[in-house]
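J.: Pasting a structure here, questions to come.
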Amino acid sequence: MALILSGRELAREVTDSIRTRLAGAPVPGLAVILAGDDPASSVYVASKEKACHRVGIRSTVVRLSGLTDEASILSRIRPLNDDPSVHGILCQLPLPLGIDRHTVASAVHPAKDVDGFHPENVGKLWRGQNGLFPCTPLGVMGLLRRNGITLEGRHAVVLGRSDIVGKPMAAMLMMADCTVTVAHSRTNDLPSLCRTADILVTAVGRPGMVRGDWLKPGAVVVDVGINRLPDGSLAGDVCFSEAEAVAAAITPVPGGIGPLTIAYLLLNTVNAMEQLTR
Ligand code: NAP
């Protein structure tokens with residue numbers, strides 16, 4: 001049976017360490033721009049606010065209508081960039097139709113870009129420089145390290161090439177000396193490719209797509225996918241019951257990577273404050 005890689009414990013450790021760091025320190029500020037009334041986005045933003053409150057980060061939510069245009073969003077970002085009490089800024093995705101997320105990401109000051117989407121931070125990630133990087137892949141790296149998983153020289157396959165998960169994940173694994181292959185919806189023969197992975201990270205959004213016979217025995221499987229099933233339950237991209245019999249280690253869904261994303265958002269905010277107030 002595979003070792004279960006719990007994200008909940010690491011998330012708790014990360015938030016405890018933030019609380020310790022913030023004892024007697026100035027209060028960091030996180031500003032979240034929420035445009036529109038997408039129910040999932042509202043839930044995510046509420047969870048972020050709650051998590052901020054628990055560790056002593058002041059969070060402000062700028063709520064805008066779903067009819068907001070790009071110019072209005074940009075005009076709300078500018079004062080936040082200049083506000084010394086705000087150390088982190090994020091624009092909750094998805095943005096309303098017609099708004100270019102790259103333009104919005106580029107408008108956030110790179111030193112306050114706690115989602116790690118600004119081109120300056122993307123470039124720093126690929127160049128191996130310090131910067132603010134996307135929270136979900138940071139969580140994956142934290143979980144692999146915490147569990148003593150060897151990365152150097154191992155073949156990592158990343159399923160998915162999004163800007164939020166797949167691409168930064170590939171960059172981080174490469175910087176950690178893995179040999180990385182990135183796969184996507186046009187990749188031929190995914191099962192054979194996956195069977196060559198020592199470390200498989202899935203960020204696809206297709207429940208149960210990765211079957212047990214897609215895995216190399218002893219592989220480490222990190223399932224980033226969070227998919228809502230018709231009965232309301234959550235499932236990952238990996239068929240967990242089959243995979244846990246083959247893998248050496250595997251993340252569950254829920255309770256794997258999910259809890260780490262917010263924990264690393266808090267960490268990015270505290271790191272941003274420390275850099276900005278140096
Ligand atoms: P996304 O932007 O939709 O990207 C999905 C990627 O999967 C794309 O690169 C796509 O390929 C690829 N793909 C889709 N169908 C495929 C198939 N049949 N075979 C191979 N590749 C396929 O999604 P995302 O934002 O990266 O999120 C991915 C999953 O992670 C979702 O379930 C999401 O809910 C979850 N997620 C979880 C967290 C967390 O906190 N744990 C955070 C973010 C996302 P193409 O590029 O060719 O279209």
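Going by the structure tokens order, chains are called A, B, ..., each with residues numbered from 1, while ligands are numbered from 1 in the order shown.
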If we count only C-alpha atoms and set the cut-off at 7 Å, which residues sit around Cys178 of chain A, ignoring sequence neighbours fewer than 6 positions away in its own chain? Please answer as a short mmCIF file (atom, residue, chain, number, x, y, z; two decimals) with N, CA and C atoms, in the first residue's frame.

T.:
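File part-v6.cif, as written:
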```
data_model
loop_
_atom_site.label_atom_id
_atom_site.label_comp_id
_atom_site.auth_asym_id
_atom_site.auth_seq_id
_atom_site.Cartn_x
_atom_site.Cartn_y
_atom_site.Cartn_z
N LEU A 151 14.27 13.87 -5.68
CA LEU A 151 13.87 14.44 -6.96
C LEU A 151 15.01 14.37 -7.98
N GLU A 152 16.23 14.59 -7.51
CA GLU A 152 17.38 14.67 -8.40
C GLU A 152 17.48 13.44 -9.31
N GLY A 153 17.55 13.70 -10.60
CA GLY A 153 17.77 12.61 -11.57
C GLY A 153 16.55 11.80 -11.90
N ARG A 154 15.42 12.11 -11.28
CA ARG A 154 14.23 11.29 -11.53
C ARG A 154 13.39 11.88 -12.66
N HIS A 155 12.65 11.01 -13.33
CA HIS A 155 11.80 11.48 -14.43
C HIS A 155 10.45 11.90 -13.88
N ALA A 156 10.13 13.19 -14.02
CA ALA A 156 8.82 13.69 -13.59
C ALA A 156 7.97 13.95 -14.83
#
```

J.: Write down as a PyMOL selection string the residues of segment 164-241 of chain A whose backbone DSSP state falls under helix (DSSP H, G or I).

T.: chain A and resi 166-175+190-194+212-214+240-241

J.: Neighbours of Ile164 of chain A within 10 Å (only C-alpha atoms; same-chain residues fewer than 4 positions away dropped), as a count of residues only?

T.: 12

J.: Do you know which residues are within 6 Å of ligand 1 using only C-alpha atoms and all ligand atoms? Can you write them as a list of chain:residue names?

T.: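 Protein and nucleic-acid residues within 6 Å of ligand 1: A:Thr136, A:Leu159, A:Gly160, A:Arg161, A:Ser162, A:Ile164, A:Val165, A:Gly166, A:His184, A:Ser185, A:Arg186, A:Ala203, A:Val204, A:Gly205, A:Val224, A:Gly225, A:Ile226, A:Asn227, A:Ile257, A:Gly258, A:Thr261.
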
J.: Tell me which protein, DNA and RNA residues are within 8 Å of segment 51-53 of chain A, counting only C-alpha atoms, leaving out same-chain ones fewer than 6 positions away, and put them as a PyMOL selection string.

T.: chain A and resi 59+262-263+266

J.: Give me, as a PyMOL selection string, all polymer residues having an atom no more than 12 Å from segment 229-244 of chain A, counting only C-alpha atoms and skipping those fewer than 5 positions away in the same chain.

T.: chain A and resi 1-5+159-160+194-195+200-224+249-258

J.: Write out as a PyMOL selection string the residues lying within 10 Å of segment 72-78 of chain A, counting only C-alpha atoms and excluding same-chain residues fewer than 6 positions away.

T.: chain A and resi 31-35+62+64+89-91+95+99+103-109

J.: If you count only C-alpha atoms, which residues fall within 8 Å of segment 11-20 of chain A, apart from same-chain ones fewer than 2 positions away, as a PDB file with all heavy atoms, in the first residue's frame?

T.:
```pdb
ATOM      1  N   GLY A   7      -1.641  16.647   2.732  1.00  0.00           N
ATOM      2  CA  GLY A   7      -1.349  18.080   2.649  1.00  0.00           C
ATOM      3  C   GLY A   7      -1.834  18.818   3.879  1.00  0.00           C
ATOM      4  O   GLY A   7      -1.373  19.918   4.170  1.00  0.00           O
ATOM      5  N   ARG A   8      -2.781  18.203   4.590  1.00  0.00           N
ATOM      6  CA  ARG A   8      -3.365  18.919   5.740  1.00  0.00           C
ATOM      7  C   ARG A   8      -2.314  19.195   6.806  1.00  0.00           C
ATOM      8  O   ARG A   8      -2.250  20.287   7.354  1.00  0.00           O
ATOM      9  CB  ARG A   8      -4.502  18.089   6.348  1.00  0.00           C
ATOM     10  CG  ARG A   8      -5.715  18.036   5.436  1.00  0.00           C
ATOM     11  CD  ARG A   8      -7.010  17.865   6.211  1.00  0.00           C
ATOM     12  NE  ARG A   8      -8.142  17.951   5.300  1.00  0.00           N
ATOM     13  CZ  ARG A   8      -8.818  16.900   4.835  1.00  0.00           C
ATOM     14  NH1 ARG A   8      -8.482  15.687   5.220  1.00  0.00           N
ATOM     15  NH2 ARG A   8      -9.824  17.064   4.002  1.00  0.00           N
ATOM     16  N   GLU A   9      -1.469  18.161   7.071  1.00  0.00           N
ATOM     17  CA  GLU A   9      -0.444  18.338   8.124  1.00  0.00           C
ATOM     18  C   GLU A   9       0.548  19.422   7.733  1.00  0.00           C
ATOM     19  O   GLU A   9       0.896  20.274   8.551  1.00  0.00           O
ATOM     20  CB  GLU A   9       0.324  17.032   8.337  1.00  0.00           C
ATOM     21  CG  GLU A   9      -0.470  16.006   9.111  1.00  0.00           C
ATOM     22  CD  GLU A   9       0.139  14.612   8.978  1.00  0.00           C
ATOM     23  OE1 GLU A   9       1.376  14.513   8.870  1.00  0.00           O
ATOM     24  OE2 GLU A   9      -0.638  13.639   8.974  1.00  0.00           O
ATOM     25  N   LEU A  22       4.884  36.091  12.569  1.00  0.00           N
ATOM     26  CA  LEU A  22       4.140  37.356  12.660  1.00  0.00           C
ATOM     27  C   LEU A  22       4.002  37.872  14.094  1.00  0.00           C
ATOM     28  O   LEU A  22       3.549  38.999  14.288  1.00  0.00           O
ATOM     29  CB  LEU A  22       2.753  37.214  12.029  1.00  0.00           C
ATOM     30  CG  LEU A  22       2.746  37.068  10.499  1.00  0.00           C
ATOM     31  CD1 LEU A  22       1.324  36.958   9.976  1.00  0.00           C
ATOM     32  CD2 LEU A  22       3.475  38.241   9.832  1.00  0.00           C
ATOM     33  N   ALA A  23       4.390  37.052  15.073  1.00  0.00           N
ATOM     34  CA  ALA A  23       4.261  37.503  16.469  1.00  0.00           C
ATOM     35  C   ALA A  23       5.151  38.730  16.661  1.00  0.00           C
ATOM     36  O   ALA A  23       6.365  38.663  16.456  1.00  0.00           O
ATOM     37  CB  ALA A  23       4.675  36.376  17.412  1.00  0.00           C
ATOM     38  N   VAL A  55      -4.305  33.584  10.763  1.00  0.00           N
ATOM     39  CA  VAL A  55      -2.858  33.762  11.023  1.00  0.00           C
ATOM     40  C   VAL A  55      -2.474  35.203  11.321  1.00  0.00           C
ATOM     41  O   VAL A  55      -1.309  35.481  11.602  1.00  0.00           O
ATOM     42  CB  VAL A  55      -1.972  33.248   9.854  1.00  0.00           C
ATOM     43  CG1 VAL A  55      -2.137  31.758   9.655  1.00  0.00           C
ATOM     44  CG2 VAL A  55      -2.231  34.007   8.571  1.00  0.00           C
ATOM     45  N   GLY A  56      -3.425  36.136  11.212  1.00  0.00           N
ATOM     46  CA  GLY A  56      -3.101  37.537  11.516  1.00  0.00           C
ATOM     47  C   GLY A  56      -2.709  38.357  10.294  1.00  0.00           C
ATOM     48  O   GLY A  56      -1.945  39.308  10.409  1.00  0.00           O
ATOM     49  N   PRO A 259      -5.408  21.752   0.462  1.00  0.00           N
ATOM     50  CA  PRO A 259      -5.169  22.626   1.619  1.00  0.00           C
ATOM     51  C   PRO A 259      -3.866  23.434   1.513  1.00  0.00           C
ATOM     52  O   PRO A 259      -3.696  24.431   2.221  1.00  0.00           O
ATOM     53  CB  PRO A 259      -5.063  21.649   2.806  1.00  0.00           C
ATOM     54  CG  PRO A 259      -5.559  20.335   2.307  1.00  0.00           C
ATOM     55  CD  PRO A 259      -5.449  20.327   0.822  1.00  0.00           C
ATOM     56  N   LEU A 260      -2.958  22.986   0.635  1.00  0.00           N
ATOM     57  CA  LEU A 260      -1.655  23.654   0.573  1.00  0.00           C
ATOM     58  C   LEU A 260      -1.694  24.961  -0.203  1.00  0.00           C
ATOM     59  O   LEU A 260      -0.881  25.858   0.038  1.00  0.00           O
ATOM     60  CB  LEU A 260      -0.624  22.709  -0.059  1.00  0.00           C
ATOM     61  CG  LEU A 260      -0.299  21.501   0.810  1.00  0.00           C
ATOM     62  CD1 LEU A 260       0.551  20.503   0.047  1.00  0.00           C
ATOM     63  CD2 LEU A 260       0.424  21.958   2.077  1.00  0.00           C
ATOM     64  N   ALA A 263      -2.369  27.808   2.109  1.00  0.00           N
ATOM     65  CA  ALA A 263      -1.245  27.951   3.060  1.00  0.00           C
ATOM     66  C   ALA A 263      -0.065  28.665   2.386  1.00  0.00           C
ATOM     67  O   ALA A 263       0.565  29.553   2.973  1.00  0.00           O
ATOM     68  CB  ALA A 263      -0.819  26.575   3.574  1.00  0.00           C
ATOM     69  N   TYR A 264       0.217  28.301   1.135  1.00  0.00           N
ATOM     70  CA  TYR A 264       1.346  28.938   0.436  1.00  0.00           C
ATOM     71  C   TYR A 264       0.995  30.350  -0.031  1.00  0.00           C
ATOM     72  O   TYR A 264       1.897  31.180  -0.197  1.00  0.00           O
ATOM     73  CB  TYR A 264       1.871  28.039  -0.698  1.00  0.00           C
ATOM     74  CG  TYR A 264       2.809  26.990  -0.135  1.00  0.00           C
ATOM     75  CD1 TYR A 264       2.304  25.835   0.453  1.00  0.00           C
ATOM     76  CD2 TYR A 264       4.182  27.186  -0.112  1.00  0.00           C
ATOM     77  CE1 TYR A 264       3.154  24.891   1.029  1.00  0.00           C
ATOM     78  CE2 TYR A 264       5.041  26.247   0.463  1.00  0.00           C
ATOM     79  CZ  TYR A 264       4.517  25.110   1.030  1.00  0.00           C
ATOM     80  OH  TYR A 264       5.364  24.187   1.607  1.00  0.00           O
ATOM     81  N   LEU A 266      -0.669  32.394   1.912  1.00  0.00           N
ATOM     82  CA  LEU A 266      -0.363  33.148   3.130  1.00  0.00           C
ATOM     83  C   LEU A 266       1.147  33.357   3.247  1.00  0.00           C
ATOM     84  O   LEU A 266       1.623  34.451   3.570  1.00  0.00           O
ATOM     85  CB  LEU A 266      -0.883  32.404   4.368  1.00  0.00           C
ATOM     86  CG  LEU A 266      -2.381  32.053   4.390  1.00  0.00           C
ATOM     87  CD1 LEU A 266      -2.719  31.239   5.638  1.00  0.00           C
ATOM     88  CD2 LEU A 266      -3.254  33.292   4.325  1.00  0.00           C
ATOM     89  N   LEU A 267       1.890  32.284   2.935  1.00  0.00           N
ATOM     90  CA  LEU A 267       3.353  32.368   3.022  1.00  0.00           C
ATOM     91  C   LEU A 267       3.894  33.388   2.014  1.00  0.00           C
ATOM     92  O   LEU A 267       4.763  34.202   2.347  1.00  0.00           O
ATOM     93  CB  LEU A 267       3.942  30.975   2.748  1.00  0.00           C
ATOM     94  CG  LEU A 267       5.410  30.763   3.056  1.00  0.00           C
ATOM     95  CD1 LEU A 267       5.722  31.083   4.511  1.00  0.00           C
ATOM     96  CD2 LEU A 267       5.812  29.308   2.752  1.00  0.00           C
ATOM     97  N   VAL A 270       3.348  36.896   3.417  1.00  0.00           N
ATOM     98  CA  VAL A 270       4.299  37.262   4.479  1.00  0.00           C
ATOM     99  C   VAL A 270       5.688  37.510   3.875  1.00  0.00           C
ATOM    100  O   VAL A 270       6.369  38.486   4.221  1.00  0.00           O
ATOM    101  CB  VAL A 270       4.339  36.159   5.563  1.00  0.00           C
ATOM    102  CG1 VAL A 270       5.398  36.466   6.606  1.00  0.00           C
ATOM    103  CG2 VAL A 270       2.975  36.017   6.210  1.00  0.00           C
TER     104      VAL A 270
END
```

J.: So the first atom is atom CA of Gln275 of chain A and the second is atom CA of Ala111 of chain A; what is the distance between them in Å, to one decimal place?

T.: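 Rounded to one decimal, the two atoms are 7.8 Å apart.
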
J.: Which is closer to Ala25 of chain A than all the others in A:Ile57, A:Val122, A:Ala171, A:Val182, using only C-alpha atoms?

T.: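 Answer, going by the shortest atom-to-atom distance: A:Ile57.
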
J.: Which distance in Å separates atom CA of Asn130 of chain A and atom CA of Pro110 of chain A, to one decimal?

T.: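 According to the coordinates, atom CA of Asn130 of chain A and atom CA of Pro110 of chain A are separated by 11.9 Å.
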
J.: Could you work out how far atom CA of Leu80 of chain A lies from atom CA of Gly66 of chain A, giving the answer in Å with one decimal?

T.: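 So the two atoms, atom CA of Gly66 of chain A and atom CA of Leu80 of chain A, lie 20.3 Å apart.
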
J.: What parts of segment 66-273 of chain A does DSSP call strand (DSSP E or B)? I'd like the answer as a PyMOL selection string.

T.: chain A and resi 88-91+113+155-159+179-183+199-202+210+220-223+227-228+234-235+238+249-250

J.: When you count only C-alpha atoms, which of these residues is closest to Ser42 of chain A: A:Pro94, A:Val27, A:Val86, A:Arg58?

T.: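 Among the listed residues, A:Pro94 lies closest to Ser42 of chain A.
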